[in-house]
Amino acid sequence: MSHSVTVSQPGTMGSMFRSEEVALVQLFLPTAAAYTCVGQLGELGLVEFRDLNASVSAFQRRFTVDIRRCEELEKTFTFLQEQVQRAGLALPPPEGRLPAPPPRDLLRIQEETERLAQELRDVQGNRQALRTQLHQLQLHSAVLHQDQGPPLAAALTDGPSSERTPLLPPHQGPHQHLRVNFVAGAVEPHKAAAMERLLWRACRGFLIASFRETERPLEDPLTGEPVTWMTFLISYWGEQIGQKIRKITDCFHCHTFPFLEEEAARQGALQQLQQQSQELQEVLRETEWFLSQVLGQVQQLLPPGQVQVRKMKAVYLALNQCSLSSTHKCLIAEAWCAAQDLPALQRALHSSSSEAGVSAVAHRIACRDMPPTLIRTNRFTASFQGIVDAYGVGCYQEVNPAPYTIITFPFLFAVMFGDVGHGLLMFLFALAMVLAENRPAVKTAQNEIWQTFFGGRYLLLLMGLFSVYTGFIYNECFSRATTIFPSGWSVAAMANQSGWSDTFLSQHPLLTLDPNVTGVFLGPYPFGIDPVWSLATNHLSFLNSFKMKMSVILGVTHMAFGVLLGVFNHVHFGQGHRLLLETLPELIFLLGLFGYLVFLVVYKWLRVSAAGAASAPSILIHFINMFLFSRSPTNRPLFPGQEVVQHVLVVLALATVPVLLLGTPLYLLHRRLRSRHSPRPAVARQDQEEDKAGLLDSPSASASEKGWSSDEEKAGCAGDEAAELAASEVLMHQAIHTIEFCLGCISNTASYLRLWALSLAHAQLSEVLWAMVMRVGLRMCGEVGVAAVALVPIFAAFAVMTVAILLVMEGLSAFLHALRLHWVEFQNKFYAGTGYKLSPFTFAIQEE
């Protein structure tokens with residue numbers, strides 16, 4: 001058995017037909033062992049805690065400080081995880097099942113985590129500083145490599161020895177203190193053009209600027225990506241011009257470096273920069289190695305630490321829902337627990353609190369609230385239970401439609417999707433997923449569409465299997481009929497006894513097989529529809545009649561089964577009066593009208609032979625005359641006394657409407673009036689005590705003894721705190737139910753005709769696809785004489801369109817219509833779906 005979907009423990013089939021009994025238990029946890037006990041309960045996943053401190057704010061609860069420490073640790077873990085992922089490393093999964101750590105270990109985990117986080121911050125800060133410093137040295141070297149001498153010097157001097165000649169000739173006067181100055185640096189390439197224009201306009205041309213790209217890209221210290229820089233060398237004279245240039249370079253965030261005028265000094269500075277770069281690279285390699293060691297420690301600490309801290313936080317959150325006893329020696333908790341898990345709960349509490357010297361205690365208490373719904377599922381039943389829960393979670397111990405949906409849902413889908421070939425493809429696809437379900441790569445796939453298909457693999461398996469079955473009944477395989485058994489029609493007998501001549505055959509391209517001729521109709525086909533119908537021109541008319549009547553029969557049967565399932569709810573909840581005042585009138589109304597229609601269909605199939613088919617009466621005319629209390633002279637009755645039977649059934653159906661409308665409210669009113677005027681108050685008190693005692697075992701049953709509130713219990717409000725409801729409200733509720741059921745019988749029966757419509761649409765779409773693709777391809781090969789290889793692209797197109805249109809689109813359409821038939825037409829006859837699931841406190845989510 002697989003792990004449960006509804007709860008986190010292995011599921012069984014014992015609770016599939018009705019939700020399990022759930023008890024409200026009160027836990028007395030010694031203060032010294034409360035953490036250990038709750039941690040053990042989280043590992044088992046047995047109970048759902050109730051919040052006993054709902055009126056207390058989250059900041060005033062007992063364990064808020066511990067929760068904040070766990071949250072701070074989670075923030076540190078998030079920082080460490082981001083750094084590991086940024087380094088391109090993967091976190092290994094935690095080894096084994098880690099329990100919630102004891103509270104004293106929280107300080108150790110926090111210290112170790114903070115130490116690693118601080119080391120990581122320091123090392124990364126040092127690495128970033130070294131990278132930035134190395135980047136500055138590389139930019140400085142690139143600036144010095146820009147030119148062996150500034151080109152502007154040659155423009156201002158004469159002769160080849162301009163490097164040794166002063167840029168301004170010495171002269172006397174007021175400007176004798178002026179000299180040429182340089183500003184050198186690097187700027188990002190996309191800023192170079194704007195910076196050059198701004199320099200020229202701001203300095204009015206009193207400068208000479210040279211811009212040049214670096215020979216090779218340099219690694220960016222922040223992102224690590226290669227970036228090309230633009231180096232510049234600006235010569236100017238005058239202090240004011242220099243101030244403007246420095247302001248402009250600062251505005252463009254340029255990296256400026258000192259530039260020496262002498263060639264020898266520049267060469268010496270360049271050698272010194274290269275030596276410093278080599279030393280920095282060596283230090284940087286050592287830093288990277290140490291960083292990898294720290295990240296390795298983080299990889300070992302992070303996976304188990306994350307799981308343990310999440311479990312610890314979950315334990316403290318659960319403890320915050322407990323109340324403190326008056327003696328401050330124990331914590332008091334209330335929790336929902338399945339009745340069959342109570343022994344396991346007691347054993348877990350005893351083993352967890354044995355070291356504290358005082359054993360934790362759990363005992364059942366009465367409760368007027370409706371308990372949560374617990375239905376254990378396995379890998380096979382989970383998808384079907386999910387279909388039911390999507391409509392609404394069932395009330396406590398209400399009849400569960402899922403076991404019946406296992407059969408009815410795939411069958412109704414197959415009625416609309418009946419084709420042997422299409423069903424076989426769906427079955428094989430689902431079978432492949434079932435066989436590979438234990439492979440880790442299949443279960444951990446992240447594709448959302450794949451996860452949807454994989455979660456419903458067993459549902460797809462049965463849908464495909466049932467489609468193969470109905471495909472054999474329809475005798476369709478990719479819209480082609482198959483001859484498994486000999487046909488029940490004989491053309492030779494018709495030809496021999498009718499005397500068809502060559503002239504008759506040439507004048508009549510269409511021939512009629514008369515079943516009244518001896519030997520023409522040999523008997524019904526052993527299974528499904530006779531393949532000879534695929535050759536008939538009235539094939540579509542025959543299938544229309546057959547599938548329409550089949551849809552009505554299946555629909556009435558399905559709805560009647562839903563009404564009968566309501567009997568189990570009434571019996572279980574002790575609402576015996578509803579059997580006579582609701583279930584019986586509903587069955588009489590449904591079967592008296594539409595059950596009679598099904599009877600007419602079956603009776604006509606069995607009684608009318610081929611000889612009398614031409615004069616057979618119309619069922620539709622009879623059904624219309626039944627409601628009009630009239631008769632048609634041209635439409636003879638099917639059986640003697642049919643008119644009387646129809647009148648009686650209509651009168652009975654109409655008589656059930658006031659019973660269904662007023663029966664339950666009047667009964668409840670009479671019972672309450674009798675209880676108020678009863679001379680034995682002691683008996684009434686005794687009944688109230690019995691009701692309170694039975695609240696936990698059957699809340700809905702006890703609630704049904706509270707007069708007017710029973711209607712609300714039927715709607716799913718078991719354990720309502722209201723002591724008494726107004727008669728008008730109950731009457732209104734019953735009126736809505738009566739109108740919904742009576743009108744629903746008509747609309748729901750018509751709704752089941754979608755089985756006929758979608759089955760016909762699927763068959764015709766398959767026929768069109770075959771005729772427009774495969775038949776055209778086969779004729780081309782026959783006429784032109786093309787080799788069989790030419791069929792490969794034609795068959796590929798046919799296969800792709802079959803999967804895309806017929807399997808995916810038509811399959812989704814049939815799935816949605818089958819879903820609607822179960823939700824609206826079937827489940828509303830007995831299923832309220834207003835409950836809520838049992839959500840046990842478990843560590844299963846924290847371990848994922």
# chains A, B, ... in the order shown; residues from 1 in each chain; ligands from 1

call {"tool": "residues_around", "arguments": {"residues": "Thr249 of chain A", "least_positions_apart": "5", "cutoff": "9 Å", "atoms": "only C-alpha atoms", "output": "VMD selection string"}}
result
chain A and resid 185 187 195 244 254 to 256

call {"tool": "write_last_selection", "arguments": {"atoms": "N, CA, C and O atoms", "output": "short mmCIF file (atom, residue, chain, number, x, y, z; two decimals), in the first residue's frame"}}
result
data_model
loop_
_atom_site.label_atom_id
_atom_site.label_comp_id
_atom_site.auth_asym_id
_atom_site.auth_seq_id
_atom_site.Cartn_x
_atom_site.Cartn_y
_atom_site.Cartn_z
N GLY A 185 42.93 57.45 -17.12
CA GLY A 185 42.01 56.55 -16.44
C GLY A 185 41.25 55.67 -17.40
O GLY A 185 41.66 55.51 -18.57
N VAL A 187 37.06 54.33 -18.50
CA VAL A 187 35.62 54.57 -18.43
C VAL A 187 34.91 53.46 -19.20
O VAL A 187 35.50 52.84 -20.10
N MET A 195 31.25 61.46 -22.66
CA MET A 195 32.29 62.11 -21.86
C MET A 195 33.20 62.95 -22.73
O MET A 195 33.59 64.08 -22.36
N LYS A 244 37.82 71.21 -13.83
CA LYS A 244 36.67 70.81 -14.63
C LYS A 244 36.81 69.36 -15.10
O LYS A 244 35.85 68.58 -15.08
N CYS A 254 34.56 57.46 -13.50
CA CYS A 254 35.77 56.94 -14.14
C CYS A 254 36.78 56.51 -13.08
O CYS A 254 36.79 57.01 -11.95
N HIS A 255 37.60 55.57 -13.46
CA HIS A 255 38.72 55.16 -12.62
C HIS A 255 39.95 55.94 -13.11
O HIS A 255 40.44 55.73 -14.22
N THR A 256 40.47 56.86 -12.30
CA THR A 256 41.62 57.68 -12.68
C THR A 256 42.87 57.18 -11.96
O THR A 256 42.80 56.72 -10.82
#

call {"tool": "select_by_dssp", "arguments": {"residues": "segment 158-280 of chain A", "states": "strand (DSSP E or B)", "output": "number ranges by chain"}}
result
A: 181-187, 207-213, 218-219, 226-227, 230-236, 255-257

call {"tool": "write_last_selection", "arguments": {"atoms": "C-alpha atoms", "output": "compact mmCIF listing (two decimals), in the first residue's frame"}}
result
# COMPACT_ATOMS: atom_id res chain seq x y z
CA ASN A 181 49.41 68.10 -16.76
CA PHE A 182 47.82 64.72 -17.47
CA VAL A 183 44.65 62.91 -16.37
CA ALA A 184 44.58 59.18 -17.23
CA GLY A 185 42.01 56.55 -16.44
CA ALA A 186 39.32 54.18 -17.72
CA VAL A 187 35.62 54.57 -18.43
CA LEU A 207 42.88 69.96 -23.87
CA ILE A 208 43.96 67.00 -25.93
CA ALA A 209 42.13 63.70 -25.20
CA SER A 210 42.94 60.22 -26.47
CA PHE A 211 40.45 57.30 -26.04
CA ARG A 212 41.37 53.68 -26.77
CA GLU A 213 39.77 50.28 -26.00
CA LEU A 218 38.77 42.41 -18.08
CA GLU A 219 36.75 40.39 -15.56
CA PRO A 226 34.30 39.86 -19.19
CA VAL A 227 33.92 43.59 -19.82
CA MET A 230 37.85 52.40 -22.68
CA THR A 231 41.11 53.97 -21.47
CA PHE A 232 41.71 57.69 -21.89
CA LEU A 233 44.63 60.08 -21.60
CA ILE A 234 43.91 63.83 -21.30
CA SER A 235 46.59 66.56 -21.38
CA TYR A 236 45.80 70.09 -20.33
CA HIS A 255 38.72 55.16 -12.62
CA THR A 256 41.62 57.68 -12.68
CA PHE A 257 45.27 56.80 -12.17

call {"tool": "residues_around", "arguments": {"residues": "Phe546 of chain A", "least_positions_apart": "3", "cutoff": "12 Å", "atoms": "only C-alpha atoms", "output": "VMD selection string"}}
result
chain A and resid 473 to 474 528 to 529 539 to 543 549 to 553 601 to 602 605 753 755 to 757 759 to 760

call {"tool": "residues_around", "arguments": {"residues": "Lys604 of chain A", "least_positions_apart": "5", "cutoff": "10 Å", "atoms": "only C-alpha atoms", "output": "PyMOL selection string"}}
result
chain A and resi 598-599+609+613+616-619+638-639

call {"tool": "residues_around", "arguments": {"residues": "segment 341-353 of chain A", "least_positions_apart": "2", "cutoff": "9 Å", "atoms": "only C-alpha atoms", "output": "NGL selection string"}}
result
:A and (23 or 25 or 29-30 or 32-34 or 36-41 or 44 or 46-47 or 337-339 or 355-363)

call {"tool": "residues_around", "arguments": {"residues": "Ala797 of chain A", "least_positions_apart": "6", "cutoff": "12 Å", "atoms": "only C-alpha atoms", "output": "list of chain:residue names"}}
result
A:Leu769, A:Trp770, A:Met772, A:Val773, A:Met774, A:Gly777, A:Leu791, A:Val803, A:Ala804, A:Ile805

call {"tool": "residues_around", "arguments": {"residues": "Tyr391 of chain A", "least_positions_apart": "4", "cutoff": "8 Å", "atoms": "only C-alpha atoms", "output": "count of residues only"}}
result
3

call {"tool": "closest_residue", "arguments": {"among": "A:Pro633, A:Pro524, A:Gly305, A:Gly455", "to": "Glu74 of chain A", "atoms": "only C-alpha atoms"}}
result
A:Gly305
